[in-house]
>>> print(open('coords-v5.csv').read())   # CSV, C-alpha atoms
chain,number,residue,atom,x,y,z
A,169,MET,CA,93.7,119.5,-127.6
A,170,LYS,CA,92.3,116.2,-128.7
A,171,PHE,CA,92.8,112.9,-126.9
A,172,LYS,CA,91.0,109.6,-126.5
A,173,PRO,CA,88.1,109.8,-124.0
A,174,ILE,CA,88.3,108.1,-120.6
A,175,GLU,CA,87.1,104.5,-120.7
A,176,ASP,CA,83.3,104.4,-120.0
A,177,ILE,CA,82.2,102.6,-116.8
A,178,PHE,CA,78.5,103.3,-117.1
A,179,ASP,CA,75.7,101.0,-118.2
A,180,TYR,CA,73.0,103.3,-119.7
A,181,SER,CA,69.2,103.1,-119.7
A,182,TYR,CA,66.3,105.4,-120.6
A,183,LEU,CA,63.0,106.1,-119.0
A,184,SER,CA,60.0,108.0,-120.4
A,185,VAL,CA,58.8,110.8,-118.3
A,186,THR,CA,56.4,112.2,-120.9
A,187,PRO,CA,55.3,110.9,-124.3
A,188,THR,CA,58.0,113.0,-125.9
A,189,ILE,CA,60.7,113.2,-123.2
A,190,GLN,CA,63.1,110.4,-122.4
A,191,ILE,CA,65.8,110.7,-119.7
A,192,ARG,CA,69.1,108.9,-120.0
A,193,TYR,CA,70.7,107.6,-116.8
A,194,GLY,CA,73.8,105.6,-116.1
A,195,ILE,CA,74.7,103.1,-113.4
A,196,ALA,CA,78.5,102.7,-113.0
A,197,LYS,CA,79.6,99.0,-113.2
A,198,ARG,CA,81.0,97.6,-110.0
A,199,PRO,CA,83.7,95.0,-110.4
A,200,ILE,CA,83.9,94.4,-106.7
A,201,ALA,CA,81.4,93.6,-103.9
A,202,PRO,CA,78.0,95.4,-103.9
A,203,ALA,CA,78.0,98.9,-102.5
A,204,LYS,CA,76.4,99.8,-99.2
A,205,ALA,CA,75.4,103.2,-100.4
A,206,ILE,CA,74.4,105.0,-103.6
A,207,LEU,CA,76.1,108.3,-104.7
A,208,LEU,CA,73.8,110.3,-107.0
A,209,LEU,CA,76.1,112.3,-109.3
A,210,LEU,CA,74.4,115.4,-110.6
A,211,GLN,CA,76.0,117.5,-113.3
A,212,GLY,CA,75.7,121.2,-114.2
A,213,ARG,CA,74.2,122.9,-117.2
A,214,ALA,CA,75.5,121.9,-120.6
A,215,GLU,CA,77.3,118.9,-119.2
A,216,CYS,CA,76.7,115.1,-119.7
A,217,ILE,CA,77.4,111.9,-117.9
A,218,GLU,CA,80.5,111.2,-120.0
A,219,LYS,CA,82.3,114.2,-118.5
A,220,TYR,CA,82.1,112.6,-115.1
A,221,LYS,CA,83.5,109.2,-115.8
A,222,GLY,CA,86.7,110.0,-114.0
A,223,ILE,CA,84.9,111.4,-111.0
A,224,ALA,CA,82.7,108.3,-110.9
A,225,LYS,CA,85.8,106.1,-110.7
A,226,GLN,CA,87.0,108.1,-107.7
A,227,LEU,CA,83.7,107.7,-106.0
A,228,GLN,CA,83.7,103.9,-106.7
A,229,ALA,CA,87.1,103.7,-105.0
A,230,LYS,CA,85.4,105.3,-102.0
A,231,GLY,CA,82.8,102.4,-101.9
A,232,PHE,CA,79.8,104.1,-103.6
A,233,GLN,CA,77.6,102.8,-106.3
A,234,VAL,CA,77.4,105.7,-108.7
A,235,ILE,CA,74.3,106.7,-110.6
A,236,SER,CA,74.0,109.8,-112.8
A,237,LEU,CA,71.6,111.2,-115.4
A,238,ASP,CA,71.5,113.6,-118.3
A,239,TRP,CA,69.1,116.4,-117.5
A,240,ARG,CA,66.4,116.9,-120.1
A,241,GLY,CA,67.6,119.2,-122.8
A,242,GLN,CA,71.2,118.0,-122.6
A,243,GLY,CA,73.5,115.0,-123.0
A,244,LEU,CA,71.6,112.2,-124.7
A,245,SER,CA,68.3,112.9,-122.9
A,246,SER,CA,65.5,114.3,-125.1
A,247,ARG,CA,66.0,117.9,-126.2
A,248,GLU,CA,63.2,120.4,-125.8
A,249,LEU,CA,63.7,122.2,-129.2
A,250,GLU,CA,64.4,121.3,-132.8
A,251,ASN,CA,67.7,123.0,-132.6
A,252,ARG,CA,69.3,120.7,-130.0
A,253,HIS,CA,72.1,123.3,-129.3
A,254,LYS,CA,69.7,125.6,-127.5
A,255,GLY,CA,69.6,125.2,-123.7
A,256,HIS,CA,65.9,125.4,-123.0
A,257,ILE,CA,63.4,124.3,-120.3
A,258,GLN,CA,59.7,124.9,-120.0
A,259,ARG,CA,60.0,125.1,-116.2
A,260,PHE,CA,62.7,124.3,-113.7
A,261,ASP,CA,60.3,122.0,-111.8
A,262,ASP,CA,60.7,119.6,-114.8
A,263,TYR,CA,64.3,119.0,-113.8
A,264,VAL,CA,63.2,118.1,-110.3
A,265,ASP,CA,60.4,115.8,-111.7
A,266,ASP,CA,63.0,114.0,-113.9
A,267,LEU,CA,65.2,113.5,-110.8
A,268,GLU,CA,62.2,112.1,-108.9
A,269,ALA,CA,61.5,109.7,-111.8
A,270,VAL,CA,65.1,108.4,-111.9
A,271,TYR,CA,65.1,108.1,-108.1
A,272,SER,CA,61.9,106.1,-108.1
A,273,ARG,CA,62.9,103.8,-111.0
A,274,ALA,CA,66.6,103.2,-110.4
A,275,ILE,CA,67.4,104.1,-106.8
A,276,ALA,CA,64.5,103.5,-104.4
A,277,PRO,CA,64.1,99.8,-105.2
A,278,GLN,CA,67.7,99.1,-104.0
A,279,GLY,CA,66.8,100.0,-100.4
A,280,ILE,CA,70.2,101.4,-99.5
A,281,PRO,CA,71.3,104.9,-98.3
A,282,VAL,CA,71.5,107.6,-100.9
A,283,TYR,CA,74.0,110.5,-101.0
A,284,ILE,CA,74.4,113.3,-103.5
A,285,LEU,CA,77.4,115.0,-105.1
A,286,ALA,CA,76.2,117.8,-107.3
A,287,HIS,CA,77.8,120.6,-109.4
A,288,SER,CA,76.3,124.0,-110.2
A,289,MET,CA,72.8,123.6,-111.7
A,290,GLY,CA,72.8,120.1,-110.4
A,291,GLY,CA,73.3,121.5,-106.9
A,292,HIS,CA,70.3,123.9,-107.4
A,293,ILE,CA,68.1,121.0,-108.5
A,294,ALA,CA,69.4,118.8,-105.6
A,295,LEU,CA,68.3,121.5,-103.1
A,296,ARG,CA,64.8,121.8,-104.7
A,297,PHE,CA,64.6,117.9,-104.6
A,298,MET,CA,65.7,117.8,-100.9
A,299,SER,CA,63.1,120.4,-100.0
A,300,ARG,CA,60.4,118.2,-101.5
A,301,HIS,CA,61.8,115.1,-100.0
A,302,PRO,CA,63.6,115.8,-96.7
A,303,LEU,CA,64.2,112.2,-95.8
A,304,LYS,CA,65.4,110.6,-99.1
A,305,ILE,CA,69.0,111.9,-99.1
A,306,LYS,CA,71.4,111.1,-96.2
A,307,ARG,CA,74.0,113.7,-97.0
A,308,ALA,CA,74.8,116.0,-99.9
A,309,VAL,CA,78.0,117.7,-101.1
A,310,LEU,CA,77.3,120.7,-103.4
A,311,ALA,CA,80.2,122.0,-105.5
A,312,SER,CA,79.7,125.6,-106.8
A,313,PRO,CA,75.9,125.2,-106.5
A,314,MET,CA,73.7,127.6,-108.5
A,315,ILE,CA,72.2,129.5,-105.7
A,316,ASP,CA,72.3,132.6,-107.9
A,317,ILE,CA,73.7,133.6,-111.2
A,318,VAL,CA,76.4,136.2,-111.5
A,319,LEU,CA,74.9,139.4,-113.0
A,320,PRO,CA,75.9,143.0,-112.6
A,321,SER,CA,73.8,144.4,-109.7
A,322,MET,CA,72.8,147.4,-111.8
A,323,MET,CA,71.5,145.2,-114.5
A,324,ARG,CA,69.8,142.5,-112.4
A,325,PRO,CA,66.3,144.1,-112.2
A,326,ALA,CA,66.3,144.8,-115.9
A,327,VAL,CA,67.5,141.3,-116.9
A,328,LYS,CA,64.8,139.7,-114.8
A,329,LEU,CA,62.1,142.0,-116.2
A,330,ILE,CA,63.3,141.4,-119.8
A,331,ALA,CA,63.6,137.7,-119.4
A,332,HIS,CA,60.2,137.3,-117.9
A,333,GLY,CA,58.6,139.5,-120.5
A,334,LEU,CA,60.3,137.8,-123.5
A,335,SER,CA,59.5,134.3,-122.1
A,336,LYS,CA,55.8,135.2,-122.7
A,337,THR,CA,56.4,135.9,-126.4
A,338,ALA,CA,57.8,134.2,-129.5
A,339,PHE,CA,61.3,135.0,-128.1
A,340,VAL,CA,60.9,132.3,-125.5
A,341,ASN,CA,62.9,129.9,-127.7
A,342,LYS,CA,65.4,132.5,-128.9
A,343,TYR,CA,69.0,132.6,-127.6
A,344,VAL,CA,69.7,135.3,-125.0
A,345,LEU,CA,72.1,138.0,-126.2
A,346,GLY,CA,75.6,136.5,-126.5
A,347,SER,CA,74.5,132.9,-126.7
A,348,LYS,CA,74.9,130.7,-129.7
A,349,ASP,CA,75.3,127.1,-131.0
A,350,TYR,CA,78.3,125.1,-129.7
A,351,ALA,CA,81.3,124.9,-132.1
A,352,PHE,CA,84.3,122.8,-131.2
A,353,GLU,CA,86.7,124.9,-133.3
A,354,ASN,CA,85.7,128.0,-131.1
A,355,VAL,CA,86.7,126.4,-127.8
A,356,LYS,CA,89.8,127.9,-126.2
A,357,PHE,CA,91.4,127.1,-122.8
A,358,LYS,CA,93.2,130.4,-122.6
A,359,GLY,CA,91.0,133.0,-120.9
A,360,ASN,CA,88.3,130.5,-119.8
A,361,ASN,CA,86.6,131.1,-116.4
A,362,LEU,CA,85.8,127.5,-115.6
A,363,CYS,CA,89.1,125.9,-114.4
A,364,HIS,CA,92.8,126.3,-114.4
A,365,ASP,CA,93.7,122.7,-115.5
A,366,PRO,CA,94.0,122.5,-119.3
A,367,GLU,CA,93.8,118.7,-119.5
A,368,LYS,CA,90.6,118.6,-117.4
A,369,PHE,CA,89.2,121.5,-119.3
A,370,TRP,CA,89.3,119.5,-122.5
A,371,ILE,CA,87.5,116.4,-121.1
A,372,LEU,CA,84.0,117.5,-122.0
A,373,HIS,CA,85.0,118.9,-125.4
A,374,ASN,CA,86.8,115.7,-126.4
A,375,GLU,CA,83.7,113.7,-125.5
A,376,ILE,CA,81.7,116.1,-127.8
A,377,PHE,CA,84.3,115.7,-130.5
A,378,HIS,CA,83.8,111.9,-130.5
A,379,ASN,CA,80.0,112.3,-130.2
A,380,PRO,CA,78.6,115.7,-131.4
A,381,ASP,CA,75.1,114.8,-130.2
A,382,LEU,CA,76.4,115.6,-126.7
A,383,ALA,CA,77.0,119.3,-127.6
A,384,LEU,CA,74.9,122.1,-126.1
A,385,GLY,CA,75.2,125.8,-126.8
A,386,GLY,CA,73.9,128.8,-124.8
A,387,VAL,CA,70.5,129.4,-123.2
A,388,THR,CA,67.2,130.7,-124.3
A,389,TRP,CA,65.2,133.5,-122.8
A,390,GLY,CA,62.8,130.8,-121.6
A,391,TRP,CA,65.6,129.0,-119.7
A,392,LEU,CA,66.9,132.2,-118.2
A,393,SER,CA,63.4,133.3,-117.0
A,394,GLN,CA,62.8,129.9,-115.4
A,395,ALA,CA,66.2,129.8,-113.8
A,396,LEU,CA,65.7,133.2,-112.2
A,397,GLU,CA,62.2,132.1,-111.0
A,398,SER,CA,63.6,129.0,-109.4
A,399,ILE,CA,66.4,131.0,-107.8
A,400,ALA,CA,63.7,133.2,-106.2
A,401,ILE,CA,61.8,130.0,-105.0
A,402,LEU,CA,65.0,128.7,-103.3
A,403,LYS,CA,65.2,131.9,-101.2
A,404,HIS,CA,61.8,131.3,-99.6
A,405,GLU,CA,62.1,130.5,-95.9
A,406,ASP,CA,59.5,127.7,-96.1
A,407,VAL,CA,61.5,126.0,-98.9
A,408,ILE,CA,64.9,126.5,-97.1
A,409,HIS,CA,63.6,125.1,-93.7
A,410,LYS,CA,62.4,121.9,-95.3
A,411,ILE,CA,66.0,121.1,-96.4
A,412,THR,CA,67.1,119.1,-93.3
A,413,THR,CA,69.7,117.0,-95.1
A,414,PRO,CA,73.2,117.5,-93.8
A,415,ILE,CA,75.0,119.5,-96.5
A,416,LEU,CA,78.6,120.4,-97.3
A,417,MET,CA,78.6,123.4,-99.6
A,418,VAL,CA,81.9,124.1,-101.4
A,419,SER,CA,82.4,127.4,-103.0
A,420,ALA,CA,84.9,128.6,-105.6
A,421,GLN,CA,86.4,131.9,-104.5
A,422,LYS,CA,86.9,133.2,-108.0
A,423,ASP,CA,83.6,131.9,-109.5
A,424,THR,CA,82.2,134.3,-112.1
A,425,VAL,CA,79.4,132.0,-113.2
A,426,VAL,CA,77.4,131.5,-110.0
A,427,CYS,CA,77.5,133.7,-106.9
A,428,PRO,CA,79.8,132.7,-104.0
A,429,LYS,CA,78.2,135.3,-101.7
A,430,ALA,CA,74.7,133.8,-102.3
A,431,GLN,CA,76.1,130.4,-101.5
A,432,GLU,CA,77.5,131.5,-98.2
A,433,ARG,CA,74.3,133.3,-97.2
A,434,LEU,CA,72.2,130.2,-97.9
A,435,SER,CA,74.6,128.0,-96.0
A,436,HIS,CA,73.9,130.1,-92.9
A,437,GLN,CA,70.2,129.8,-93.4
A,438,LEU,CA,70.1,126.0,-93.9
A,439,PRO,CA,69.6,124.0,-90.7
A,440,HIS,CA,72.5,121.6,-91.2
A,441,CYS,CA,75.1,123.0,-93.6
A,442,ARG,CA,78.9,123.4,-93.5
A,443,PHE,CA,80.5,126.0,-95.9
A,444,LEU,CA,84.0,125.8,-97.4
A,445,SER,CA,85.6,128.2,-99.9
A,446,ILE,CA,88.4,127.0,-102.1
A,447,GLU,CA,90.9,129.9,-102.5
A,448,GLY,CA,91.6,130.8,-106.1
A,449,GLY,CA,89.1,128.3,-107.4
A,450,PHE,CA,87.2,128.8,-110.6
A,451,HIS,CA,83.6,127.5,-111.2
A,452,GLU,CA,84.4,123.8,-111.9
A,453,LEU,CA,86.0,122.7,-108.6
A,454,LEU,CA,85.9,119.0,-109.5
A,455,PHE,CA,88.1,119.8,-112.6
A,456,GLU,CA,90.5,122.3,-111.0
A,457,GLN,CA,94.2,122.1,-110.4
A,458,ARG,CA,95.5,119.4,-108.1
A,459,GLN,CA,96.0,121.5,-105.0
A,460,MET,CA,92.4,122.7,-105.2
A,461,THR,CA,90.8,119.3,-106.0
A,462,ARG,CA,92.8,117.8,-103.1
A,463,GLN,CA,91.1,120.3,-100.7
A,464,PHE,CA,87.8,119.4,-102.1
A,465,TRP,CA,88.2,115.6,-101.8
A,466,ASP,CA,89.7,115.9,-98.3
A,467,ALA,CA,86.6,117.8,-97.2
A,468,PHE,CA,84.4,115.3,-99.0
A,469,THR,CA,86.0,112.4,-97.4
A,470,LEU,CA,85.8,113.9,-93.9
A,471,PHE,CA,82.1,114.8,-94.4
A,472,MET,CA,81.3,111.3,-95.7
A,473,ALA,CA,83.5,109.6,-93.1
A,474,ASN,CA,80.8,107.2,-92.1
A,475,PRO,CA,78.7,106.7,-95.3
A,476,GLU,CA,76.4,104.2,-93.5
A,477,SER,CA,75.3,106.7,-90.8
>>> encode(input="coords-v5.csv", output="structure tokens")
Amino acid sequence: MKFKPIEDIFDYSYLSVTPTIQIRYGIAKRPIAPAKAILLLLQGRAECIEKYKGIAKQLQAKGFQVISLDWRGQGLSSRELENRHKGHIQRFDDYVDDLEAVYSRAIAPQGIPVYILAHSMGGHIALRFMSRHPLKIKRAVLASPMIDIVLPSMMRPAVKLIAHGLSKTAFVNKYVLGSKDYAFENVKFKGNNLCHDPEKFWILHNEIFHNPDLALGGVTWGWLSQALESIAILKHEDVIHKITTPILMVSAQKDTVVCPKAQERLSHQLPHCRFLSIEGGFHELLFEQRQMTRQFWDAFTLFMANPES
């Protein structure tokens, strides 16, 4: 299904975080009065700012100034490997460092309250960021956050051991089994495990069709090893107890990408966290069918009822 992409509302800039890595970030244009708060919109793995243009418009209508970024290795930020389709990271802390750089450059100088809406891997990075900086974020809404990856319980110890071992070898930059380059012609809505809405499902893929440089394929053994290591870090009590930001954690009941049970467990451990499960929802709650997205946005609006507080 091909259609014209949603009109872009972002002004884009780049910042250098290392001599070889540039991070692209976007600030949504505001046609009305200046916002009293910033909403930092953090995407999941293999996504890009362009996918969230419609979401950004909804957030603007709620009075937020919206700022988003492409994580290193995806979107139009610098890629780690020569094959730009490979999802790879040297260490998950690099994601947090990149978020800190964007915060310091584009957000902190404005001197207004900052809120987060994050999806999947973006939610994981947001939690790591809030653990480092307990006072920088006023409130955060995490949709299907990557607290843990869904793996068969019998295979989990072996996968962790293999990923860790191969990440120390020449296989660190090789695709994990089952991963490959992105190919538009192979994309199918039927049987997908991300969302139930066909039009929303195609948003990202149509953006890629119009700009193939946005495409990202599967992950490497290096990415998987670092993801599992960061997941373990997020389970440490000293990390959890530093996350004092009020959080709304929204879980998709039928998520087969990240683990709903791990989300619920962490929600009970966090000092200030509310937990909501969307019945029947797949992983991408922000792009689900209307009855599900309505539940999400109703909960979001209630949680953010006073964005200046």
>>> closest_residue(input="coords-v5.csv", among="A:Ile411, A:Phe232, A:Gln431, A:Ala420", to="Ser445 of chain A", atoms="only C-alpha atoms")
A:Ala420
>>> closest_atom_pairs(input="coords-v5.csv", of="segment 328-403 of chain A", to="segment 302-324 of chain A", cutoff="8 Å", atoms="all atoms listed in the file", output="CSV")
residue,atom,partner,partner_atom,distance
A:Lys328,CA,A:Arg324,CA,6.2
A:Leu396,CA,A:Asp316,CA,7.9
A:Ile399,CA,A:Asp316,CA,6.1
A:Leu402,CA,A:Ile315,CA,7.6
>>> atom_distance(input="coords-v5.csv", atom1="atom CA of Asn341 of chain A", atom2="atom CA of Leu372 of chain A")
25.1 Å
>>> atom_distance(input="coords-v5.csv", atom1="atom CA of Gly241 of chain A", atom2="atom CA of Pro325 of chain A")
27.1 Å
>>> closest_residue(input="coords-v5.csv", among="A:Asp262, A:Tyr182, A:Arg192, A:Cys441", to="Phe471 of chain A", atoms="all atoms listed in the file")
A:Cys441
>>> atom_distance(input="coords-v5.csv", atom1="atom CA of Ala286 of chain A", atom2="atom CA of Gln211 of chain A")
6.0 Å
>>> residues_around(input="coords-v5.csv", residues="Thr337 of chain A", least_positions_apart="4", cutoff="10 Å", atoms="only C-alpha atoms", output="VMD selection string")
chain A and resid 332 to 333 341 to 342 389 to 390
>>> closest_residue(input="coords-v5.csv", among="A:Asp349, A:Glu248, A:Glu375, A:Glu397", to="Pro173 of chain A", atoms="only C-alpha atoms")
A:Glu375
>>> residues_around(input="coords-v5.csv", residues="segment 264-275 of chain A", least_positions_apart="3", cutoff="10 Å", atoms="only C-alpha atoms", output="PyMOL selection string")
chain A and resi 181-186+189-195+206-208+210+235-240+259-261+278-282+290+292-298+300-301+304
>>> residues_near_point(input="coords-v5.csv", point="(80.2, 106.8, -106.2)", cutoff="12 Å", atoms="all atoms listed in the file", output="number ranges by chain")
A: 177-178, 194-198, 202-210, 220-236, 282-286, 468-469, 472, 475
>>> decode(input="coords-v5.csv", residues="segment 260-274 of chain A", atoms="N, CA and C atoms", output="mmCIF file, in the first residue's frame")
data_model
loop_
_atom_site.group_PDB
_atom_site.id
_atom_site.type_symbol
_atom_site.label_atom_id
_atom_site.label_comp_id
_atom_site.auth_asym_id
_atom_site.auth_seq_id
_atom_site.Cartn_x
_atom_site.Cartn_y
_atom_site.Cartn_z
ATOM 1 N N PHE A 260 24.895 0.105 24.713
ATOM 2 C CA PHE A 260 23.619 0.785 24.872
ATOM 3 C C PHE A 260 23.780 2.145 25.554
ATOM 4 N N ASP A 261 24.826 2.303 26.333
ATOM 5 C CA ASP A 261 25.076 3.602 26.964
ATOM 6 C C ASP A 261 25.260 4.698 25.924
ATOM 7 N N ASP A 262 25.663 4.337 24.699
ATOM 8 C CA ASP A 262 25.809 5.340 23.646
ATOM 9 C C ASP A 262 24.471 6.010 23.341
ATOM 10 N N TYR A 263 23.382 5.234 23.377
ATOM 11 C CA TYR A 263 22.059 5.815 23.160
ATOM 12 C C TYR A 263 21.751 6.870 24.229
ATOM 13 N N VAL A 264 22.063 6.535 25.471
ATOM 14 C CA VAL A 264 21.800 7.466 26.575
ATOM 15 C C VAL A 264 22.669 8.704 26.432
ATOM 16 N N ASP A 265 23.917 8.512 26.046
ATOM 17 C CA ASP A 265 24.819 9.651 25.830
ATOM 18 C C ASP A 265 24.291 10.564 24.729
ATOM 19 N N ASP A 266 23.763 9.969 23.657
ATOM 20 C CA ASP A 266 23.215 10.775 22.559
ATOM 21 C C ASP A 266 22.002 11.575 23.023
ATOM 22 N N LEU A 267 21.151 10.952 23.830
ATOM 23 C CA LEU A 267 19.996 11.666 24.376
ATOM 24 C C LEU A 267 20.448 12.821 25.275
ATOM 25 N N GLU A 268 21.474 12.583 26.061
ATOM 26 C CA GLU A 268 22.023 13.660 26.897
ATOM 27 C C GLU A 268 22.523 14.822 26.039
ATOM 28 N N ALA A 269 23.162 14.507 24.917
ATOM 29 C CA ALA A 269 23.697 15.551 24.041
ATOM 30 C C ALA A 269 22.574 16.401 23.453
ATOM 31 N N VAL A 270 21.496 15.753 22.997
ATOM 32 C CA VAL A 270 20.364 16.496 22.448
ATOM 33 C C VAL A 270 19.687 17.315 23.544
ATOM 34 N N TYR A 271 19.569 16.728 24.721
ATOM 35 C CA TYR A 271 18.968 17.459 25.844
ATOM 36 C C TYR A 271 19.775 18.723 26.142
ATOM 37 N N SER A 272 21.078 18.594 26.232
ATOM 38 C CA SER A 272 21.931 19.730 26.580
ATOM 39 C C SER A 272 21.919 20.805 25.500
ATOM 40 N N ARG A 273 21.900 20.375 24.217
ATOM 41 C CA ARG A 273 21.993 21.325 23.106
ATOM 42 C C ARG A 273 20.651 21.986 22.784
ATOM 43 N N ALA A 274 19.583 21.188 22.706
ATOM 44 C CA ALA A 274 18.316 21.692 22.168
ATOM 45 C C ALA A 274 17.238 21.954 23.207
#
